[in-house]
>>> print(open('upload16.txt').read())   # compact mmCIF, C-alpha atoms
# COMPACT_ATOMS: atom_id res chain seq x y z
CA MET A 631 39.39 45.10 7.03
CA ASN A 632 42.74 44.31 8.68
CA GLU A 633 44.79 42.90 5.77
CA SER A 634 47.11 40.96 8.07
CA THR A 635 44.37 38.98 9.79
CA GLY A 636 41.58 39.02 7.24
CA VAL A 637 39.19 40.24 9.94
CA ASN A 638 36.54 42.79 9.15
CA GLU A 639 36.97 45.59 11.66
CA GLY A 640 33.85 47.37 10.55
CA THR A 641 30.47 47.19 12.24
CA GLY A 642 28.51 45.06 9.82
CA HIS A 643 24.86 44.69 10.74
CA GLY A 644 24.09 41.53 8.77
CA ASP A 645 22.23 38.82 10.59
CA ILE A 646 24.33 36.06 8.96
CA ARG A 647 28.07 36.20 9.58
CA VAL A 648 30.28 34.76 6.83
CA VAL A 649 33.96 33.83 6.56
CA ILE A 650 35.51 33.37 3.11
CA ALA A 651 38.41 30.93 2.58
CA ASP A 652 40.05 30.94 -0.86
CA ASP A 653 43.68 31.20 -1.94
CA GLU A 654 42.83 33.57 -4.81
CA ARG A 655 42.50 37.18 -3.67
CA LEU A 656 40.31 38.16 -6.62
CA VAL A 657 37.88 35.35 -5.82
CA ARG A 658 37.69 36.51 -2.20
CA MET A 659 37.08 40.08 -3.34
CA GLY A 660 34.28 38.96 -5.66
CA LEU A 661 32.59 36.83 -3.02
CA ARG A 662 32.88 39.62 -0.45
CA ALA A 663 31.30 42.12 -2.84
CA VAL A 664 28.36 39.79 -3.45
CA ILE A 665 27.83 38.92 0.22
CA ASP A 666 28.28 42.41 1.66
CA ALA A 667 25.80 43.84 -0.85
CA GLU A 668 23.01 42.02 1.01
CA PRO A 669 21.50 43.69 4.11
CA ASP A 670 21.23 40.43 6.06
CA LEU A 671 24.74 39.11 5.25
CA THR A 672 28.15 40.29 6.47
CA VAL A 673 31.65 39.02 5.68
CA VAL A 674 33.49 39.09 9.01
CA GLY A 675 36.79 37.57 7.89
CA GLU A 676 38.87 36.09 5.07
CA ALA A 677 41.52 33.37 4.90
CA SER A 678 43.86 32.40 2.08
CA ASP A 679 44.25 28.73 3.07
CA GLY A 680 42.91 26.06 5.39
CA ALA A 681 45.54 26.66 8.05
CA GLU A 682 44.36 30.27 8.37
CA VAL A 683 40.65 29.56 8.33
CA ILE A 684 40.60 27.18 11.31
CA PRO A 685 41.79 29.65 14.00
CA LEU A 686 39.87 32.45 12.29
CA VAL A 687 36.60 30.54 12.53
CA ARG A 688 37.23 29.61 16.15
CA GLU A 689 37.82 33.28 16.94
CA LEU A 690 34.98 34.83 14.95
CA ARG A 691 32.31 32.12 15.24
CA PRO A 692 30.67 32.79 11.85
CA ASP A 693 27.40 31.19 10.81
CA VAL A 694 28.67 30.13 7.37
CA VAL A 695 32.09 29.47 5.85
CA LEU A 696 32.54 29.67 2.07
CA MET A 697 35.35 27.13 1.70
CA ASP A 698 37.43 26.69 -1.43
CA VAL A 699 37.95 22.95 -1.81
CA ARG A 700 41.45 23.26 -3.30
CA MET A 701 43.90 25.37 -1.28
CA PRO A 702 47.62 25.07 -0.49
CA GLY A 703 48.70 23.70 2.86
CA ILE A 704 45.53 22.43 4.50
CA ASN A 705 42.91 22.05 1.78
CA GLY A 706 39.18 22.62 2.16
CA ILE A 707 38.47 18.97 2.93
CA ARG A 708 40.88 18.77 5.86
CA ALA A 709 39.79 22.18 7.14
CA THR A 710 36.15 21.06 7.01
CA GLU A 711 36.97 17.88 8.93
CA GLN A 712 38.81 19.82 11.63
CA LEU A 713 36.09 22.41 12.05
CA VAL A 714 33.19 19.96 12.06
CA GLY A 715 34.97 17.47 14.30
CA GLY A 716 36.69 19.95 16.58
CA MET A 717 33.98 22.47 17.47
CA ALA A 718 30.95 21.95 19.68
CA GLU A 719 28.92 24.26 17.41
CA PRO A 720 30.72 24.37 14.06
CA PRO A 721 29.60 26.76 11.34
CA ARG A 722 27.76 25.58 8.29
CA ILE A 723 30.32 25.00 5.55
CA LEU A 724 29.53 25.66 1.92
CA VAL A 725 32.21 24.33 -0.41
CA VAL A 726 33.03 26.62 -3.33
CA THR A 727 34.42 24.83 -6.37
CA THR A 728 35.17 25.37 -10.04
CA PHE A 729 34.01 21.94 -11.18
CA GLU A 730 30.93 20.15 -9.87
CA HIS A 731 32.39 16.73 -10.82
CA ASP A 732 35.50 17.26 -8.71
CA ASP A 733 36.02 14.25 -6.42
CA HIS A 734 37.16 16.70 -3.77
CA VAL A 735 33.56 17.93 -3.56
CA TYR A 736 32.32 14.48 -2.62
CA ASP A 737 35.07 14.14 -0.02
CA ALA A 738 34.14 17.54 1.44
CA LEU A 739 30.48 16.54 1.68
CA ARG A 740 31.52 13.36 3.48
CA ALA A 741 33.67 15.47 5.80
CA GLY A 742 30.68 17.51 6.90
CA ALA A 743 30.07 20.28 4.37
CA ALA A 744 26.41 21.25 4.05
CA GLY A 745 26.63 21.54 0.27
CA PHE A 746 28.61 23.01 -2.57
CA LEU A 747 28.43 26.03 -4.82
CA LEU A 748 30.05 26.61 -8.20
CA LYS A 749 32.28 29.67 -8.53
CA ARG A 750 30.46 30.58 -11.73
CA ALA A 751 27.10 30.72 -9.93
CA ARG A 752 25.11 33.93 -10.27
CA ALA A 753 25.17 36.41 -7.38
CA GLU A 754 21.57 35.68 -6.45
CA GLU A 755 22.31 31.95 -6.33
CA MET A 756 25.26 32.54 -4.01
CA VAL A 757 23.37 34.63 -1.49
CA GLN A 758 20.41 32.26 -1.55
CA ALA A 759 22.79 29.35 -0.89
CA VAL A 760 24.31 31.15 2.11
CA ARG A 761 20.87 31.88 3.54
CA LEU A 762 19.75 28.31 2.95
CA VAL A 763 22.61 26.64 4.81
CA ALA A 764 22.61 29.31 7.54
CA ARG A 765 19.09 28.32 8.54
CA GLY A 766 20.11 24.69 8.84
CA ASP A 767 19.14 23.31 5.44
CA SER A 768 21.44 21.47 3.07
CA LEU A 769 22.32 22.55 -0.44
CA LEU A 770 22.18 19.44 -2.60
CA PHE A 771 22.43 19.12 -6.35
CA PRO A 772 20.97 15.60 -6.65
CA ALA A 773 22.19 14.85 -10.17
CA ALA A 774 25.76 15.94 -9.38
CA VAL A 775 25.84 14.03 -6.08
CA ARG A 776 24.51 10.92 -7.83
CA ARG A 777 27.24 11.15 -10.48
CA LEU A 778 29.92 11.59 -7.81
CA ALA A 779 28.54 8.64 -5.84
CA LEU A 780 28.53 6.50 -8.99
CA ARG A 781 32.15 7.42 -9.75
CA HIS A 782 33.21 6.41 -6.25
CA GLY A 783 31.21 3.21 -6.70
CA ALA A 784 32.17 0.05 -4.83
CA ASP A 785 35.35 1.59 -3.42
CA ASP A 786 33.26 3.73 -1.06
CA ARG A 787 30.39 1.30 -0.63
CA ARG A 788 30.23 -0.11 2.89
CA GLU A 789 30.55 -3.85 3.22
CA THR A 790 27.65 -4.05 5.68
CA PRO A 791 24.33 -4.47 3.83
CA ALA A 792 22.01 -1.49 4.23
CA ASP A 793 19.39 -3.52 6.11
CA GLN A 794 21.99 -4.57 8.71
CA GLY A 795 23.49 -1.13 9.39
CA PRO A 796 21.94 2.04 10.83
CA ILE A 797 19.66 2.37 7.81
CA GLY A 798 18.16 -0.99 8.75
CA ARG A 799 16.69 0.71 11.83
CA LEU A 800 14.61 3.10 9.74
CA THR A 801 10.88 2.55 9.54
CA GLU A 802 9.30 2.09 6.12
CA ARG A 803 8.10 5.71 6.15
CA GLU A 804 11.49 7.01 7.22
CA GLY A 805 13.04 5.07 4.35
CA GLN A 806 10.63 6.72 1.94
CA VAL A 807 11.56 10.12 3.32
CA LEU A 808 15.28 9.39 2.95
CA ARG A 809 14.87 8.33 -0.67
CA LEU A 810 12.96 11.53 -1.41
CA MET A 811 15.63 13.57 0.39
CA ALA A 812 18.18 11.99 -1.95
CA THR A 813 16.28 13.42 -4.93
CA GLY A 814 16.72 16.92 -3.49
CA LEU A 815 13.15 17.50 -2.33
CA ASN A 816 12.59 19.85 0.60
CA ASN A 817 10.17 19.14 3.45
CA GLY A 818 7.23 20.81 1.75
CA GLU A 819 7.75 18.85 -1.46
CA ILE A 820 8.15 15.60 0.46
CA ALA A 821 4.94 16.36 2.38
CA ARG A 822 3.02 16.83 -0.86
CA GLN A 823 4.51 13.65 -2.32
CA LEU A 824 3.54 11.56 0.71
CA VAL A 825 0.30 13.47 1.40
CA VAL A 826 1.25 14.29 4.99
CA SER A 827 1.90 17.51 6.89
CA GLN A 828 5.25 19.31 6.81
CA GLU A 829 5.46 18.88 10.57
CA THR A 830 5.21 15.11 10.12
CA VAL A 831 7.97 15.20 7.51
CA LYS A 832 10.13 17.32 9.81
CA THR A 833 9.68 14.70 12.53
CA HIS A 834 10.64 11.88 10.14
CA VAL A 835 13.71 13.79 8.90
CA GLY A 836 14.84 14.36 12.48
CA SER A 837 14.43 10.66 13.22
CA VAL A 838 16.38 9.69 10.08
CA LEU A 839 19.27 11.97 11.03
CA ALA A 840 19.32 10.66 14.61
CA LYS A 841 19.29 6.98 13.58
CA LEU A 842 22.01 7.49 10.99
CA GLY A 843 24.13 9.70 13.24
CA ALA A 844 24.02 12.31 10.49
CA ARG A 845 24.59 15.99 11.18
CA ASP A 846 22.34 17.12 8.34
CA ARG A 847 20.49 16.03 5.21
CA THR A 848 23.67 15.96 3.13
CA GLN A 849 25.30 13.46 5.47
CA ALA A 850 22.16 11.32 5.46
CA VAL A 851 22.04 11.25 1.66
CA ILE A 852 25.74 10.35 1.43
CA ALA A 853 25.11 7.50 3.90
CA ALA A 854 22.17 6.33 1.79
CA TYR A 855 24.33 6.15 -1.34
CA GLU A 856 27.32 4.54 0.33
CA SER A 857 25.23 1.84 1.99
CA GLY A 858 23.48 0.97 -1.26
CA PHE A 859 20.09 1.98 0.16
CA VAL A 860 19.82 4.52 -2.66
CA LEU A 861 21.53 3.55 -5.90
CA PRO A 862 23.12 6.27 -8.04
CA GLY A 863 22.13 6.52 -11.64
>>> encode(input="upload16.txt", output="structure tokens")
Amino acid sequence: MNESTGVNEGTGHGDIRVVIADDERLVRMGLRAVIDAEPDLTVVGEASDGAEVIPLVRELRPDVVLMDVRMPGINGIRATEQLVGGMAEPPRILVVTTFEHDDHVYDALRAGAAGFLLKRARAEEMVQAVRLVARGDSLLFPAAVRRLALRHGADDRRETPADQGPIGRLTEREGQVLRLMATGLNNGEIARQLVVSQETVKTHVGSVLAKLGARDRTQAVIAAYESGFVLPG
């Protein structure tokens, strides 16, 4: 790796390309060791703060960014906003944090992160999380997201009633699907709950995202909490 740029100059053969952004070198080293140990994952670059990660991502076009939420200069929230809002095809961003109750995590999810991962997570949990978000899924911890939404409470709750905003355009079935998404169920689990096919659930999820203007399931769930359609607790 070129130490000055954080770019991996090797010829990694992993199918999923990863960039790591964390201001602690030892943390970056640990994450790299875990990711590069997997045959389908390759770390293609590292950044020590948000200002570095933005041009690095635009240059390398990784599939997933492991983004520390607290960094000097431009933090992980602002970096996430700039990448999601400034790229036609932004990478999937997985926020890496020490504390799951950190308000910065909620802000990062609102900014467009696909989910969050605790730094103390086991190696197998980390690689599974990277694979999950790389294929377009969201990594939600329903209980933690509910607690964060409850802590934000009325300050983040939109003034427009849920039935008068975008959520008001959902069909009854789409509303059921959104509520089940908020509990952390995947498409297969939702299909079994509603006794329908996974393909039907996939269609409903796509419709929910389109009507809410949500990039992914995480954004849809955040919208559901903030509108009052789903109540935390």
>>> residues_around(input="upload16.txt", residues="A:Asp652", least_positions_apart="6", cutoff="10 Å", atoms="only C-alpha atoms", output="mmCIF file with C-alpha atoms, keeping the file's coordinate frame")
data_model
loop_
_atom_site.group_PDB
_atom_site.id
_atom_site.type_symbol
_atom_site.label_atom_id
_atom_site.label_comp_id
_atom_site.auth_asym_id
_atom_site.auth_seq_id
_atom_site.Cartn_x
_atom_site.Cartn_y
_atom_site.Cartn_z
ATOM 1 C CA ARG A 658 37.690 36.510 -2.200
ATOM 2 C CA MET A 659 37.080 40.080 -3.340
ATOM 3 C CA LEU A 661 32.590 36.830 -3.020
ATOM 4 C CA GLU A 676 38.870 36.090 5.070
ATOM 5 C CA ALA A 677 41.520 33.370 4.900
ATOM 6 C CA SER A 678 43.860 32.400 2.080
ATOM 7 C CA ASP A 679 44.250 28.730 3.070
ATOM 8 C CA GLY A 680 42.910 26.060 5.390
ATOM 9 C CA VAL A 683 40.650 29.560 8.330
ATOM 10 C CA LEU A 696 32.540 29.670 2.070
ATOM 11 C CA MET A 697 35.350 27.130 1.700
ATOM 12 C CA ASP A 698 37.430 26.690 -1.430
ATOM 13 C CA VAL A 699 37.950 22.950 -1.810
ATOM 14 C CA ARG A 700 41.450 23.260 -3.300
ATOM 15 C CA MET A 701 43.900 25.370 -1.280
ATOM 16 C CA PRO A 702 47.620 25.070 -0.490
ATOM 17 C CA ASN A 705 42.910 22.050 1.780
ATOM 18 C CA GLY A 706 39.180 22.620 2.160
ATOM 19 C CA VAL A 726 33.030 26.620 -3.330
ATOM 20 C CA THR A 727 34.420 24.830 -6.370
#
>>> atom_distance(input="upload16.txt", atom1="atom CA of A:Ser857", atom2="atom CA of A:Ser827")
28.5 Å
>>> atom_distance(input="upload16.txt", atom1="atom CA of A:Ala681", atom2="atom CA of A:Ala853")
28.3 Å
>>> residues_around(input="upload16.txt", residues="A:Val831", least_positions_apart="5", cutoff="9 Å", atoms="only C-alpha atoms", output="compact mmCIF listing (two decimals) with C-alpha atoms, in the frame of the given file")
# COMPACT_ATOMS: atom_id res chain seq x y z
CA GLU A 804 11.49 7.01 7.22
CA VAL A 807 11.56 10.12 3.32
CA ASN A 817 10.17 19.14 3.45
CA GLY A 818 7.23 20.81 1.75
CA ILE A 820 8.15 15.60 0.46
CA ALA A 821 4.94 16.36 2.38
CA LEU A 824 3.54 11.56 0.71
CA VAL A 826 1.25 14.29 4.99
CA GLY A 836 14.84 14.36 12.48
>>> atom_distance(input="upload16.txt", atom1="atom CA of A:Val657", atom2="atom CA of A:Leu748")
12.0 Å
>>> closest_residue(input="upload16.txt", among="A:Arg740, A:Glu819, A:Thr833, A:Ser768", to="A:Glu856", atoms="all atoms listed in the file")
A:Arg740
>>> residues_around(input="upload16.txt", residues="A:Arg847", least_positions_apart="4", cutoff="10 Å", atoms="only C-alpha atoms", output="list in words")
Ala744, Gly745, Gly766, Asp767, Ser768, Leu769, Leu770, Leu808, Met811, Ala812, Gly814, Asn816, Val835, Gly836, Val838, Leu839, Val851, Ile852 and Ala853 of chain A
>>> closest_residue(input="upload16.txt", among="A:Asp733, A:Asp645, A:Glu654, A:Glu829", to="A:Thr672", atoms="only C-alpha atoms")
A:Asp645
>>> closest_residue(input="upload16.txt", among="A:Arg662, A:Gly798, A:Val648, A:Arg761", to="A:Leu686", atoms="all atoms listed in the file")
A:Val648
